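Colleague: Structure file start20.pdb (PDB, C-alpha atoms and all ligand atoms) is given on the next line.
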ATOM      1  CA  MET A   1       0.000   0.000   0.000
ATOM      2  CA  PRO A   2       1.266   3.473  -0.830
ATOM      3  CA  ARG A   3       1.483   6.438   1.484
ATOM      4  CA  TYR A   4       0.113   9.864   0.639
ATOM      5  CA  ALA A   5       1.634  13.311   0.869
ATOM      6  CA  GLN A   6       0.548  16.874   0.325
ATOM      7  CA  LEU A   7       3.537  19.111  -0.341
ATOM      8  CA  VAL A   8       2.112  22.494   0.567
ATOM      9  CA  VAL A   9       3.985  25.304  -1.214
ATOM     10  CA  GLY A  10       3.405  28.973  -2.013
ATOM     11  CA  PRO A  11       4.709  32.443  -1.252
ATOM     12  CA  ALA A  12       5.270  33.525   2.373
ATOM     13  CA  GLY A  13       2.000  34.535   3.995
ATOM     14  CA  SER A  14      -0.152  32.710   1.438
ATOM     15  CA  GLY A  15      -1.661  30.633   4.256
ATOM     16  CA  LYS A  16       0.278  27.336   4.161
ATOM     17  CA  SER A  17       0.618  26.746   7.895
ATOM     18  CA  THR A  18      -2.961  27.814   8.579
ATOM     19  CA  PHE A  19      -4.199  25.528   5.791
ATOM     20  CA  ILE A  20      -2.344  22.584   7.318
ATOM     21  CA  ALA A  21      -3.712  23.260  10.797
ATOM     22  CA  SER A  22      -7.198  23.503   9.360
ATOM     23  CA  MET A  23      -6.784  20.364   7.236
ATOM     24  CA  LEU A  24      -5.762  18.394  10.335
ATOM     25  CA  THR A  25      -8.846  19.567  12.200
ATOM     26  CA  HIS A  26     -10.999  18.763   9.209
ATOM     27  CA  ALA A  27      -9.491  15.265   8.993
ATOM     28  CA  GLU A  28     -10.155  14.682  12.657
ATOM     29  CA  THR A  29     -13.819  15.636  12.255
ATOM     30  CA  SER A  30     -14.074  13.253   9.304
ATOM     31  CA  LYS A  31     -12.383  10.501  11.341
ATOM     32  CA  ARG A  32      -9.371  10.343   9.082
ATOM     33  CA  SER A  33      -5.829  10.261  10.289
ATOM     34  CA  MET A  34      -3.400  12.792   8.908
ATOM     35  CA  TYR A  35      -0.082  14.043  10.187
ATOM     36  CA  ALA A  36       1.928  17.180   9.621
ATOM     37  CA  VAL A  37       5.628  17.849   9.203
ATOM     38  CA  ASN A  38       7.129  21.326   9.417
ATOM     39  CA  LEU A  39       9.925  21.921   6.912
ATOM     40  CA  ASP A  40      10.137  25.681   7.379
ATOM     41  CA  PRO A  41      13.296  26.268   9.404
ATOM     42  CA  ALA A  42      12.353  29.930   9.887
ATOM     43  CA  ALA A  43       8.832  29.244  11.169
ATOM     44  CA  GLU A  44       8.029  31.140  14.336
ATOM     45  CA  VAL A  45       4.626  29.814  15.276
ATOM     46  CA  PHE A  46       2.167  27.427  13.715
ATOM     47  CA  ASN A  47      -1.057  25.988  15.059
ATOM     48  CA  TYR A  48      -0.635  22.277  14.633
ATOM     49  CA  ASN A  49       1.194  19.355  16.153
ATOM     50  CA  ALA A  50       4.028  18.202  13.943
ATOM     51  CA  ILE A  51       5.377  14.659  13.992
ATOM     52  CA  ALA A  52       8.647  16.168  12.764
ATOM     53  CA  ASP A  53       9.884  19.746  12.846
ATOM     54  CA  ILE A  54      12.988  20.790  10.915
ATOM     55  CA  ARG A  55      13.770  23.262  13.695
ATOM     56  CA  GLU A  56      14.695  20.302  15.894
ATOM     57  CA  LEU A  57      17.373  19.549  13.322
ATOM     58  CA  ILE A  58      18.495  23.061  12.411
ATOM     59  CA  HIS A  59      17.320  26.610  12.995
ATOM     60  CA  VAL A  60      18.039  29.493  10.598
ATOM     61  CA  GLU A  61      18.910  31.798  13.464
ATOM     62  CA  ASP A  62      21.701  29.474  14.547
ATOM     63  CA  VAL A  63      22.981  29.375  10.976
ATOM     64  CA  MET A  64      22.868  33.172  10.763
ATOM     65  CA  GLU A  65      24.690  33.554  14.057
ATOM     66  CA  ASP A  66      27.469  31.297  12.831
ATOM     67  CA  THR A  67      30.225  33.798  12.081
ATOM     68  CA  ASP A  68      32.134  31.320   9.923
ATOM     69  CA  LEU A  69      29.190  30.958   7.565
ATOM     70  CA  ASN A  70      28.197  34.617   7.623
ATOM     71  CA  PHE A  71      24.800  34.136   5.924
ATOM     72  CA  GLY A  72      21.853  36.508   5.614
ATOM     73  CA  PRO A  73      18.295  35.175   6.064
ATOM     74  CA  ASN A  74      17.938  33.712   2.555
ATOM     75  CA  GLY A  75      21.372  32.115   2.492
ATOM     76  CA  ALA A  76      20.700  30.641   5.923
ATOM     77  CA  LEU A  77      17.407  29.206   4.730
ATOM     78  CA  VAL A  78      18.980  27.512   1.713
ATOM     79  CA  TYR A  79      21.767  26.210   3.959
ATOM     80  CA  ALA A  80      19.217  24.801   6.414
ATOM     81  CA  MET A  81      17.274  23.088   3.622
ATOM     82  CA  GLU A  82      20.466  21.638   2.165
ATOM     83  CA  TYR A  83      21.356  20.423   5.636
ATOM     84  CA  LEU A  84      18.019  18.618   5.776
ATOM     85  CA  MET A  85      18.629  17.038   2.359
ATOM     86  CA  ASN A  86      21.949  15.713   3.660
ATOM     87  CA  ASN A  87      20.339  14.369   6.822
ATOM     88  CA  LEU A  88      17.152  12.842   5.490
ATOM     89  CA  GLU A  89      17.540   9.742   7.649
ATOM     90  CA  TRP A  90      16.426  11.997  10.523
ATOM     91  CA  LEU A  91      13.103  12.525   8.767
ATOM     92  CA  THR A  92      12.824   8.944   7.536
ATOM     93  CA  GLU A  93      12.947   7.803  11.137
ATOM     94  CA  LYS A  94      10.287  10.327  12.195
ATOM     95  CA  LEU A  95       8.029   9.299   9.326
ATOM     96  CA  GLY A  96       8.184   5.643  10.312
ATOM     97  CA  THR A  97       7.083   2.920   7.944
ATOM     98  CA  GLN A  98       3.320   2.870   8.432
ATOM     99  CA  GLU A  99       1.586   2.030   5.130
ATOM    100  CA  ASP A 100      -1.343   4.181   4.097
ATOM    101  CA  ASP A 101      -0.156   7.197   6.129
ATOM    102  CA  TYR A 102      -1.282  10.634   4.999
ATOM    103  CA  VAL A 103       1.199  13.416   5.697
ATOM    104  CA  LEU A 104       1.029  17.170   5.074
ATOM    105  CA  PHE A 105       4.369  18.926   4.560
ATOM    106  CA  ASP A 106       4.665  22.611   5.409
ATOM    107  CA  THR A 107       7.417  24.414   3.485
ATOM    108  CA  PRO A 108       9.240  27.760   3.442
ATOM    109  CA  GLY A 109       7.785  30.451   1.164
ATOM    110  CA  GLN A 110      10.904  31.143  -0.897
ATOM    111  CA  ILE A 111      10.236  30.285  -4.523
ATOM    112  CA  GLU A 112      13.981  29.866  -5.177
ATOM    113  CA  LEU A 113      13.804  26.565  -3.320
ATOM    114  CA  VAL A 114      11.596  25.277  -6.098
ATOM    115  CA  SER A 115      12.748  27.279  -9.087
ATOM    116  CA  HIS A 116      16.438  27.726  -8.631
ATOM    117  CA  PHE A 117      17.952  25.298  -6.189
ATOM    118  CA  GLY A 118      15.818  22.299  -6.993
ATOM    119  CA  LEU A 119      15.641  21.407  -3.300
ATOM    120  CA  MET A 120      11.912  20.726  -3.421
ATOM    121  CA  LYS A 121      12.364  18.473  -6.407
ATOM    122  CA  THR A 122      14.982  16.460  -4.511
ATOM    123  CA  PHE A 123      12.648  16.332  -1.557
ATOM    124  CA  ALA A 124       9.703  15.136  -3.642
ATOM    125  CA  LYS A 125      11.871  12.396  -5.147
ATOM    126  CA  TYR A 126      12.847  11.374  -1.638
ATOM    127  CA  LEU A 127       9.179  11.105  -0.635
ATOM    128  CA  GLU A 128       8.490   8.990  -3.697
ATOM    129  CA  SER A 129      11.360   6.708  -2.732
ATOM    130  CA  LEU A 130       9.537   6.157   0.577
ATOM    131  CA  ASN A 131       6.484   5.070  -1.392
ATOM    132  CA  PHE A 132       4.580   8.342  -0.966
ATOM    133  CA  ARG A 133       2.220   9.519  -3.684
ATOM    134  CA  VAL A 134       2.797  13.234  -3.732
ATOM    135  CA  CYS A 135       0.403  16.032  -4.606
ATOM    136  CA  VAL A 136       1.805  19.553  -4.712
ATOM    137  CA  VAL A 137      -0.665  22.012  -3.218
ATOM    138  CA  PHE A 138       0.151  25.515  -4.445
ATOM    139  CA  LEU A 139      -1.355  28.344  -2.397
ATOM    140  CA  LEU A 140      -1.893  31.875  -3.591
ATOM    141  CA  ASP A 141      -3.339  34.665  -1.444
ATOM    142  CA  SER A 142      -6.560  35.949  -3.015
ATOM    143  CA  GLN A 143      -5.477  39.516  -2.288
ATOM    144  CA  PHE A 144      -3.339  39.165  -5.444
ATOM    145  CA  ILE A 145      -6.363  39.093  -7.695
ATOM    146  CA  SER A 146      -7.134  42.738  -7.050
ATOM    147  CA  ASP A 147      -4.080  43.562  -9.157
ATOM    148  CA  MET A 148      -3.910  41.706 -12.476
ATOM    149  CA  SER A 149      -0.169  42.198 -12.877
ATOM    150  CA  LYS A 150       0.452  40.550  -9.499
ATOM    151  CA  TYR A 151      -1.929  37.783 -10.449
ATOM    152  CA  PHE A 152      -0.183  37.264 -13.784
ATOM    153  CA  SER A 153       3.226  37.032 -12.039
ATOM    154  CA  SER A 154       1.780  34.548  -9.574
ATOM    155  CA  LEU A 155       0.487  32.396 -12.420
ATOM    156  CA  ILE A 156       3.992  32.305 -13.838
ATOM    157  CA  ILE A 157       5.395  31.262 -10.447
ATOM    158  CA  SER A 158       2.826  28.504 -10.207
ATOM    159  CA  LEU A 159       3.794  27.409 -13.732
ATOM    160  CA  ILE A 160       7.491  27.307 -12.784
ATOM    161  CA  THR A 161       6.575  25.192  -9.761
ATOM    162  CA  LEU A 162       4.620  22.784 -11.925
ATOM    163  CA  ILE A 163       7.374  22.466 -14.533
ATOM    164  CA  ASN A 164      10.102  22.036 -11.951
ATOM    165  CA  LEU A 165       8.402  19.513  -9.733
ATOM    166  CA  GLU A 166       6.706  17.480 -12.468
ATOM    167  CA  LEU A 167       4.051  16.265 -10.062
ATOM    168  CA  PRO A 168       0.279  16.449  -9.868
ATOM    169  CA  MET A 169      -0.600  19.865  -8.516
ATOM    170  CA  VAL A 170      -3.695  21.520  -7.084
ATOM    171  CA  ASN A 171      -3.820  25.345  -7.078
ATOM    172  CA  LEU A 172      -5.686  27.079  -4.275
ATOM    173  CA  LEU A 173      -6.769  30.692  -3.958
ATOM    174  CA  THR A 174      -6.692  31.277  -0.215
ATOM    175  CA  LYS A 175      -8.531  33.523   2.279
ATOM    176  CA  ILE A 176     -11.495  34.161   0.026
ATOM    177  CA  ASP A 177     -13.548  35.071   3.116
ATOM    178  CA  LYS A 178     -11.554  38.315   3.063
ATOM    179  CA  LEU A 179     -12.533  39.300  -0.476
ATOM    180  CA  PRO A 180     -14.883  42.254  -0.933
ATOM    181  CA  ASP A 181     -18.261  41.319  -2.432
ATOM    182  CA  ASP A 182     -17.600  42.669  -5.926
ATOM    183  CA  GLN A 183     -14.471  40.515  -6.182
ATOM    184  CA  LYS A 184     -16.317  37.473  -4.878
ATOM    185  CA  LYS A 185     -18.770  37.896  -7.749
ATOM    186  CA  ALA A 186     -15.968  38.051 -10.307
ATOM    187  CA  LEU A 187     -14.300  34.969  -8.849
ATOM    188  CA  GLU A 188     -15.481  32.499 -11.494
ATOM    189  CA  ASP A 189     -13.373  34.147 -14.201
ATOM    190  CA  ILE A 190     -10.402  34.510 -11.929
ATOM    191  CA  LEU A 191     -10.420  30.863 -10.899
ATOM    192  CA  GLU A 192      -9.970  29.802 -14.503
ATOM    193  CA  PRO A 193      -7.866  32.610 -15.882
ATOM    194  CA  SER A 194      -7.725  33.086 -19.640
ATOM    195  CA  SER A 195      -5.581  35.321 -21.800
ATOM    196  CA  ASP A 196      -8.676  37.479 -22.381
ATOM    197  CA  LEU A 197      -8.995  38.155 -18.702
ATOM    198  CA  LEU A 198      -5.329  38.998 -18.398
ATOM    199  CA  SER A 199      -5.219  41.237 -21.438
ATOM    200  CA  GLU A 200      -8.134  43.356 -20.291
ATOM    201  CA  ASP A 201      -6.189  45.713 -18.027
ATOM    202  CA  LEU A 202      -2.571  44.718 -18.045
ATOM    203  CA  PRO A 203      -0.156  47.261 -19.508
ATOM    204  CA  CYS A 204       2.090  44.459 -20.784
ATOM    205  CA  PHE A 205      -0.746  43.408 -23.100
ATOM    206  CA  GLN A 206      -1.010  46.804 -24.746
ATOM    207  CA  ARG A 207       0.472  46.649 -28.170
ATOM    208  CA  ASN A 208       1.363  50.314 -28.446
ATOM    209  CA  ARG A 209       3.975  50.006 -25.724
ATOM    210  CA  ASN A 210       6.758  47.685 -26.690
ATOM    211  CA  GLU A 211       6.173  45.070 -29.372
ATOM    212  CA  ARG A 212       8.657  42.560 -27.975
ATOM    213  CA  PHE A 213       7.269  42.695 -24.442
ATOM    214  CA  TYR A 214       3.799  42.516 -25.858
ATOM    215  CA  ARG A 215       4.656  39.327 -27.743
ATOM    216  CA  LEU A 216       6.311  37.819 -24.677
ATOM    217  CA  SER A 217       3.263  38.508 -22.493
ATOM    218  CA  ARG A 218       0.971  37.073 -25.169
ATOM    219  CA  ALA A 219       3.091  33.949 -25.373
ATOM    220  CA  PHE A 220       2.773  33.402 -21.617
ATOM    221  CA  ALA A 221      -0.942  34.073 -21.702
ATOM    222  CA  GLN A 222      -1.247  31.569 -24.534
ATOM    223  CA  ILE A 223       0.396  28.885 -22.407
ATOM    224  CA  ILE A 224      -2.126  29.580 -19.673
ATOM    225  CA  ASP A 225      -4.931  29.232 -22.239
ATOM    226  CA  ASN A 226      -3.624  26.197 -24.071
ATOM    227  CA  TYR A 227      -2.811  23.950 -21.202
ATOM    228  CA  SER A 228      -5.593  24.891 -18.777
ATOM    229  CA  LEU A 229      -3.037  24.322 -16.063
ATOM    230  CA  HIS A 230      -4.236  27.131 -13.972
ATOM    231  CA  LYS A 231      -7.535  26.240 -12.545
ATOM    232  CA  PHE A 232      -7.700  27.509  -8.976
ATOM    233  CA  LEU A 233      -9.961  26.210  -6.262
ATOM    234  CA  PRO A 234     -11.228  28.767  -3.754
ATOM    235  CA  ILE A 235     -10.452  28.126  -0.121
ATOM    236  CA  SER A 236     -11.066  29.696   3.237
ATOM    237  CA  VAL A 237     -10.150  27.938   6.422
ATOM    238  CA  LEU A 238     -13.380  29.303   7.868
ATOM    239  CA  ASP A 239     -15.466  27.331   5.383
ATOM    240  CA  GLU A 240     -15.855  23.604   6.074
ATOM    241  CA  ASP A 241     -17.523  22.901   2.713
ATOM    242  CA  LEU A 242     -14.692  24.470   0.758
ATOM    243  CA  MET A 243     -12.155  22.571   2.863
ATOM    244  CA  ASN A 244     -14.001  19.389   2.000
ATOM    245  CA  ASP A 245     -14.108  20.149  -1.751
ATOM    246  CA  VAL A 246     -10.407  20.889  -1.763
ATOM    247  CA  LEU A 247      -9.571  17.716   0.129
ATOM    248  CA  LEU A 248     -11.620  15.694  -2.372
ATOM    249  CA  SER A 249      -9.677  17.187  -5.276
ATOM    250  CA  ILE A 250      -6.350  16.493  -3.627
ATOM    251  CA  ASP A 251      -7.378  12.941  -2.687
ATOM    252  CA  ASN A 252      -8.402  12.408  -6.265
ATOM    253  CA  CYS A 253      -5.035  13.641  -7.457
ATOM    254  CA  ILE A 254      -3.132  11.073  -5.395
ATOM    255  CA  GLN A 255      -5.834   8.412  -5.708
ATOM    256  CA  TRP A 256      -6.362   8.250  -1.993
ATOM    257  CA  GLY A 257      -9.011   5.734  -1.031
ATOM    258  CA  GLU A 258      -8.896   3.800  -4.293
ATOM    259  CA  ASP A 259      -6.787   0.977  -2.924
ATOM    260  CA  ILE A 260      -8.997   0.758   0.142
ATOM    261  CA  GLU A 261     -12.163   0.556  -1.928
ATOM    262  CA  VAL A 262     -10.723  -2.003  -4.325
ATOM    263  CA  SER A 263      -9.532  -4.277  -1.544
ATOM    264  CA  GLY A 264     -13.018  -4.097  -0.015
ATOM    265  CA  ILE A 265     -14.854  -5.293  -3.147
ATOM    266  CA  ASP A 266     -16.017  -8.868  -3.235
ATOM    267  CA  ILE A 267     -15.067 -10.052  -6.733
ATOM    268  CA  ASP A 268     -17.703 -12.857  -6.824
ATOM    269  CA  SER A 269     -20.600 -10.569  -6.163
TER     270      SER A 269
HETATM  271  N1  LIG B 301      -9.249  35.391   6.937
HETATM  272  C1  LIG B 301      -8.399  34.390   6.683
HETATM  273  N2  LIG B 301      -7.110  34.493   7.062
HETATM  274  C2  LIG B 301      -6.270  33.462   6.779
HETATM  275  C3  LIG B 301      -6.728  32.293   6.085
HETATM  276  N3  LIG B 301      -5.658  31.476   5.937
HETATM  277  C4  LIG B 301      -4.597  32.110   6.501
HETATM  278  N4  LIG B 301      -4.946  33.299   7.017
HETATM  279  C5  LIG B 301      -4.075  34.287   7.709
HETATM  280  O1  LIG B 301      -2.992  34.647   6.829
HETATM  281  C6  LIG B 301      -1.804  34.883   7.576
HETATM  282  C7  LIG B 301      -0.662  34.057   6.999
HETATM  283  O2  LIG B 301      -0.949  32.690   7.173
HETATM  284  P1  LIG B 301       0.167  31.588   7.381
HETATM  285  O3  LIG B 301      -0.526  30.288   7.484
HETATM  286  O4  LIG B 301       1.100  31.954   8.476
HETATM  287  O5  LIG B 301       0.976  31.695   5.981
HETATM  288  P2  LIG B 301       2.297  30.922   5.505
HETATM  289  O6  LIG B 301       3.421  31.901   5.624
HETATM  290  O7  LIG B 301       2.055  30.568   4.066
HETATM  291  O8  LIG B 301       2.459  29.709   6.367
HETATM  292  C8  LIG B 301      -2.133  34.527   9.019
HETATM  293  O9  LIG B 301      -2.389  35.725   9.712
HETATM  294  C9  LIG B 301      -3.396  33.683   8.909
HETATM  295  O10 LIG B 301      -4.230  33.806  10.048
HETATM  296  C10 LIG B 301      -8.114  32.235   5.689
HETATM  297  O11 LIG B 301      -8.606  31.279   5.069
HETATM  298  N5  LIG B 301      -8.899  33.305   6.015
HETATM  299 MG    MG B 302       4.104  29.126   7.562
END
As structure tokens, how would this structure be written, given the file I've shared?
Ligand SMILES: Nc1nc2c(ncn2[C@@H]2O[C@H](COP(=O)(O)OP(=O)(O)O)[C@@H](O)[C@H]2O)c(=O)[nH]1
Ligand SMILES: [Mg+2]

Modeller:
Amino acid sequence: MPRYAQLVVGPAGSGKSTFIASMLTHAETSKRSMYAVNLDPAAEVFNYNAIADIRELIHVEDVMEDTDLNFGPNGALVYAMEYLMNNLEWLTEKLGTQEDDYVLFDTPGQIELVSHFGLMKTFAKYLESLNFRVCVVFLLDSQFISDMSKYFSSLIISLITLINLELPMVNLLTKIDKLPDDQKKALEDILEPSSDLLSEDLPCFQRNRNERFYRLSRAFAQIIDNYSLHKFLPISVLDEDLMNDVLLSIDNCIQWGEDIEVSGIDIDS
């Protein structure tokens, strides 16, 4: 039997740790067992119990205080993550060998870890080697949709994440309880962004500016259109129904429950 993992990624403040805490509570109410692991070495507080916490292994502040290393916050973070990658047996032991486990992994918000250093890719491969089926859960704060250029940049970041990790991915637009009513009404279009939506207001889609930039922006928008990669699901941790819908989509992505159902079927009948 496989194990199941949600690798929860997204910019700092997008709601990753809160989502994990809420998912654990939701699982408990639905009588499902799920566990969480914190992989953010710079985390200050989070509202869930973690079966493993990278800060037990290494803390960015200690790295930063190390005068031999002389790192700033970002360098220290990359160092801490590399340290984890070189000491994965620590995590393997914490994860145990229980089949059918379902684990949520909280991660740091720096996109470089996915896009540039490939650390997340290495980590995902490691999970797969432990027989985990991994779904990447990409979180984006819904405040970004009030500014189309921020939204467009975020779509590109989500695309980079998808291309780099090469794993099934579910995109979530978080904190929608905070959206003003007019934006809530326009949400349908936003959740499935098209090049038409993007070209409505964005300066980079105005031809009279710079032809080369215009063509570049169009090319990106075309990718978003052609591959329908960027469907977002709305989420608010205050909304049980939305939490449930999102969990269903993620479960579907990693085929959670299928093995259980199949083994329960009586072939003769
Ligand atoms: N209103 C509201 N606030 C949220 C929601 N999810 C997260 N937040 C808030 O957003 C802030 C950042 O969340 P956090 O989980 O720390 O983000 P992280 O940096 O991605 O782990 C916190 O103040 C959370 O309370 C939500 O669904 N609704
Ligand atoms: Mg966090």

Colleague: Could you pull out the residues sitting within 8 Å of ligand MG 302 (chain B), using all atoms listed in the file, and write them as a PyMOL selection string?

Modeller: chain A and resi 12-13+15-18+40+43+45-46+106-109

Colleague: Do you have, as CSV, the list of residues of chain A lying at most 12 Å from ligand LIG 301 (chain B), each with its nearest atom pair and that distance in Å to one decimal, counting all atoms listed in the file and ordered by chain then number?

Modeller:
residue,atom,partner,partner_atom,distance
A:Val8,CA,B:LIG301,O7,8.8
A:Val9,CA,B:LIG301,O7,7.7
A:Gly10,CA,B:LIG301,O7,6.4
A:Pro11,CA,B:LIG301,O7,6.2
A:Ala12,CA,B:LIG301,O6,4.1
A:Gly13,CA,B:LIG301,O6,3.4
A:Ser14,CA,B:LIG301,O7,4.0
A:Gly15,CA,B:LIG301,O5,3.3
A:Lys16,CA,B:LIG301,O7,3.7
A:Ser17,CA,B:LIG301,O3,3.7
A:Thr18,CA,B:LIG301,O3,3.6
A:Phe19,CA,B:LIG301,N3,6.1
A:Ile20,CA,B:LIG301,O3,7.9
A:Ala21,CA,B:LIG301,O3,8.4
A:Ser22,CA,B:LIG301,N3,8.8
A:Met23,CA,B:LIG301,N3,11.2
A:Asn38,CA,B:LIG301,O8,10.1
A:Leu39,CA,B:LIG301,O8,10.8
A:Asp40,CA,B:LIG301,O8,8.7
A:Pro41,CA,B:LIG301,O8,11.8
A:Ala42,CA,B:LIG301,O6,10.1
A:Ala43,CA,B:LIG301,O8,8.0
A:Glu44,CA,B:LIG301,O4,9.1
A:Val45,CA,B:LIG301,O4,8.0
A:Phe46,CA,B:LIG301,O4,7.0
A:Asn47,CA,B:LIG301,O3,8.7
A:Tyr48,CA,B:LIG301,O3,10.7
A:Phe105,CA,B:LIG301,O8,11.1
A:Asp106,CA,B:LIG301,O8,7.5
A:Thr107,CA,B:LIG301,O8,7.8
A:Pro108,CA,B:LIG301,O6,7.5
A:Gly109,CA,B:LIG301,O6,6.4
A:Gln110,CA,B:LIG301,O6,10.0
A:Ile111,CA,B:LIG301,O7,11.9
A:Val137,CA,B:LIG301,O7,11.6
A:Phe138,CA,B:LIG301,O7,10.1
A:Leu139,CA,B:LIG301,O7,7.6
A:Leu140,CA,B:LIG301,O7,8.7
A:Asp141,CA,B:LIG301,O1,8.3
A:Ser142,CA,B:LIG301,O11,9.6
A:Gln143,CA,B:LIG301,O1,10.6
A:Leu172,CA,B:LIG301,O11,10.7
A:Leu173,CA,B:LIG301,O11,9.2
A:Thr174,CA,B:LIG301,O11,5.6
A:Lys175,CA,B:LIG301,O11,3.6
A:Ile176,CA,B:LIG301,O11,6.5
A:Asp177,CA,B:LIG301,N5,5.8
A:Lys178,CA,B:LIG301,N1,5.4
A:Leu179,CA,B:LIG301,N1,9.0
A:Pro180,CA,B:LIG301,N1,11.9
A:Pro234,CA,B:LIG301,O11,9.5
A:Ile235,CA,B:LIG301,O11,6.3
A:Ser236,CA,B:LIG301,O11,3.5
A:Val237,CA,B:LIG301,O11,3.9
A:Leu238,CA,B:LIG301,O11,5.9
A:Asp239,CA,B:LIG301,O11,7.9
A:Glu240,CA,B:LIG301,O11,10.6
A:Leu242,CA,B:LIG301,O11,10.1
A:Met243,CA,B:LIG301,O11,9.7

Colleague: Create the file for the chosen residues now, containing C-alpha atoms and written as a PDB file, keeping the file's coordinate frame.

Modeller:
ATOM      1  CA  VAL A   8       2.112  22.494   0.567  1.00  0.00           C
ATOM      2  CA  VAL A   9       3.985  25.304  -1.214  1.00  0.00           C
ATOM      3  CA  GLY A  10       3.405  28.973  -2.013  1.00  0.00           C
ATOM      4  CA  PRO A  11       4.709  32.443  -1.252  1.00  0.00           C
ATOM      5  CA  ALA A  12       5.270  33.525   2.373  1.00  0.00           C
ATOM      6  CA  GLY A  13       2.000  34.535   3.995  1.00  0.00           C
ATOM      7  CA  SER A  14      -0.152  32.710   1.438  1.00  0.00           C
ATOM      8  CA  GLY A  15      -1.661  30.633   4.256  1.00  0.00           C
ATOM      9  CA  LYS A  16       0.278  27.336   4.161  1.00  0.00           C
ATOM     10  CA  SER A  17       0.618  26.746   7.895  1.00  0.00           C
ATOM     11  CA  THR A  18      -2.961  27.814   8.579  1.00  0.00           C
ATOM     12  CA  PHE A  19      -4.199  25.528   5.791  1.00  0.00           C
ATOM     13  CA  ILE A  20      -2.344  22.584   7.318  1.00  0.00           C
ATOM     14  CA  ALA A  21      -3.712  23.260  10.797  1.00  0.00           C
ATOM     15  CA  SER A  22      -7.198  23.503   9.360  1.00  0.00           C
ATOM     16  CA  MET A  23      -6.784  20.364   7.236  1.00  0.00           C
ATOM     17  CA  ASN A  38       7.129  21.326   9.417  1.00  0.00           C
ATOM     18  CA  LEU A  39       9.925  21.921   6.912  1.00  0.00           C
ATOM     19  CA  ASP A  40      10.137  25.681   7.379  1.00  0.00           C
ATOM     20  CA  PRO A  41      13.296  26.268   9.404  1.00  0.00           C
ATOM     21  CA  ALA A  42      12.353  29.930   9.887  1.00  0.00           C
ATOM     22  CA  ALA A  43       8.832  29.244  11.169  1.00  0.00           C
ATOM     23  CA  GLU A  44       8.029  31.140  14.336  1.00  0.00           C
ATOM     24  CA  VAL A  45       4.626  29.814  15.276  1.00  0.00           C
ATOM     25  CA  PHE A  46       2.167  27.427  13.715  1.00  0.00           C
ATOM     26  CA  ASN A  47      -1.057  25.988  15.059  1.00  0.00           C
ATOM     27  CA  TYR A  48      -0.635  22.277  14.633  1.00  0.00           C
ATOM     28  CA  PHE A 105       4.369  18.926   4.560  1.00  0.00           C
ATOM     29  CA  ASP A 106       4.665  22.611   5.409  1.00  0.00           C
ATOM     30  CA  THR A 107       7.417  24.414   3.485  1.00  0.00           C
ATOM     31  CA  PRO A 108       9.240  27.760   3.442  1.00  0.00           C
ATOM     32  CA  GLY A 109       7.785  30.451   1.164  1.00  0.00           C
ATOM     33  CA  GLN A 110      10.904  31.143  -0.897  1.00  0.00           C
ATOM     34  CA  ILE A 111      10.236  30.285  -4.523  1.00  0.00           C
ATOM     35  CA  VAL A 137      -0.665  22.012  -3.218  1.00  0.00           C
ATOM     36  CA  PHE A 138       0.151  25.515  -4.445  1.00  0.00           C
ATOM     37  CA  LEU A 139      -1.355  28.344  -2.397  1.00  0.00           C
ATOM     38  CA  LEU A 140      -1.893  31.875  -3.591  1.00  0.00           C
ATOM     39  CA  ASP A 141      -3.339  34.665  -1.444  1.00  0.00           C
ATOM     40  CA  SER A 142      -6.560  35.949  -3.015  1.00  0.00           C
ATOM     41  CA  GLN A 143      -5.477  39.516  -2.288  1.00  0.00           C
ATOM     42  CA  LEU A 172      -5.686  27.079  -4.275  1.00  0.00           C
ATOM     43  CA  LEU A 173      -6.769  30.692  -3.958  1.00  0.00           C
ATOM     44  CA  THR A 174      -6.692  31.277  -0.215  1.00  0.00           C
ATOM     45  CA  LYS A 175      -8.531  33.523   2.279  1.00  0.00           C
ATOM     46  CA  ILE A 176     -11.495  34.161   0.026  1.00  0.00           C
ATOM     47  CA  ASP A 177     -13.548  35.071   3.116  1.00  0.00           C
ATOM     48  CA  LYS A 178     -11.554  38.315   3.063  1.00  0.00           C
ATOM     49  CA  LEU A 179     -12.533  39.300  -0.476  1.00  0.00           C
ATOM     50  CA  PRO A 180     -14.883  42.254  -0.933  1.00  0.00           C
ATOM     51  CA  PRO A 234     -11.228  28.767  -3.754  1.00  0.00           C
ATOM     52  CA  ILE A 235     -10.452  28.126  -0.121  1.00  0.00           C
ATOM     53  CA  SER A 236     -11.066  29.696   3.237  1.00  0.00           C
ATOM     54  CA  VAL A 237     -10.150  27.938   6.422  1.00  0.00           C
ATOM     55  CA  LEU A 238     -13.380  29.303   7.868  1.00  0.00           C
ATOM     56  CA  ASP A 239     -15.466  27.331   5.383  1.00  0.00           C
ATOM     57  CA  GLU A 240     -15.855  23.604   6.074  1.00  0.00           C
ATOM     58  CA  LEU A 242     -14.692  24.470   0.758  1.00  0.00           C
ATOM     59  CA  MET A 243     -12.155  22.571   2.863  1.00  0.00           C
TER      60      MET A 243
END

Colleague: Which residues, written as a ChimeraX atom specification, have at least one atom at most 10 Å from range 88-92 of chain A, with all atoms listed in the file counted and residues fewer than 5 positions away on the same chain left out?

Modeller: /A:37,51-54,57,82-83,97,123,126-127,130

Colleague: Once the PyMOL selection byres (((chain A and resi 163-169) around 8) and not hetatm) is applied to the coordinates I shared, what remains selected? I want it as a PyMOL selection string.

Modeller: chain A and resi 114-115+118+120-121+124+134-138+159-162+170-171+253-254

Colleague: For each of A:Gln183, A:Gln206, A:Ser217, A:Ser194, take the minimum atom-to-atom distance to Ser153 in chain A, counting all atoms listed in the file, then give the residue where this is smallest.

Modeller: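 Checking each candidate against Ser153 in chain A, we get A:Ser217 as the closest.
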